[in-house]
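*Asks:* Before I ask anything, let me first share the structure, which is written out below as structure tokens.
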Amino acid sequence: MSFRSNKSLAVVVAVAGSLLVVCTLLWLLWLRDVRNDRKHIVNVNTATPVFVGNGGEGGCHGTQLTTVERGAKLPVRRIAYLKDCAAIDVVLPDGRKGYVVLGIGDVSVNPPLPTI
């Protein structure tokens, strides 16, 4: 191999290594965010609709899956902060998955969500 091809190979390896480090860092930050979201519990204060799918795709107004009654505690899977609302992906007691929209129905989140 010539000096020129060794230099080109070194540049390619350096760029690939840098991209790998950046992508790994972004993946770890995303994983930490998901882990922090799953520490929350949604407490239902009055009958509240649960919508089909996940909040990131369904948005602030979706197709209703069911209504959850007062007193239910739903584990959080993911929190999506959208332009007009916050949508919280939850798991229902029967195992189905859906999402609640803050402001539709009456729920509280523990520990509380950060305020802006």
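Chain lettering (A, B, ...) mirrors the order of the structure tokens, residue numbering begins at 1 for each chain separately, and ligand numbering begins at 1 in order of display.
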Just want the 9 Å neighbourhood of Ile41 of chain A, counted on only C-alpha atoms, with same-chain residues fewer than 2 positions away dropped. Output as a list of chain:residue names.
*Replies:*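 Near Ile41 of chain A, the qualifying residues are A:Arg38, A:Lys39, A:Asn43, A:Lys73, A:Leu74, A:Pro75, A:Val76, A:Val90, A:Ser108, A:Val109, A:Asn110, A:Pro111.
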*Asks:* Quick one: DSSP helix (DSSP H, G or I) residues in chain A, as a ChimeraX atom specification?
*Replies:* /A:3-37,55-58
*Asks:* Just list the residues in chain A DSSP gives strand (DSSP E) on the backbone, as JSON, numbers by chain.
*Replies:* {"A": [41, 42, 43, 44, 48, 49, 50, 51, 52, 64, 65, 66, 67, 68, 73, 74, 75, 76, 77, 78, 79, 80, 81, 86, 87, 88, 89, 90, 91, 97, 98, 99, 100, 101, 107, 108, 109, 110]}
*Asks:* Choose the residue, out of A:Arg78, A:Lys83, A:Ala16, A:Thr66, that has the smallest atom-to-atom separation from Trp30 of chain A; count only C-alpha atoms.
*Replies:*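 Of A:Arg78, A:Lys83, A:Ala16, A:Thr66, the one nearest Trp30 of chain A, counting only C-alpha atoms, is A:Arg78.
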*Asks:* Which of these residues is nearest to Asp33 of chain A, using only C-alpha atoms: A:Gly103, A:Ile79, A:Ser8, A:His61?
*Replies:*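 Of the candidates, the smallest distance to Asp33 of chain A is held by A:Ile79.
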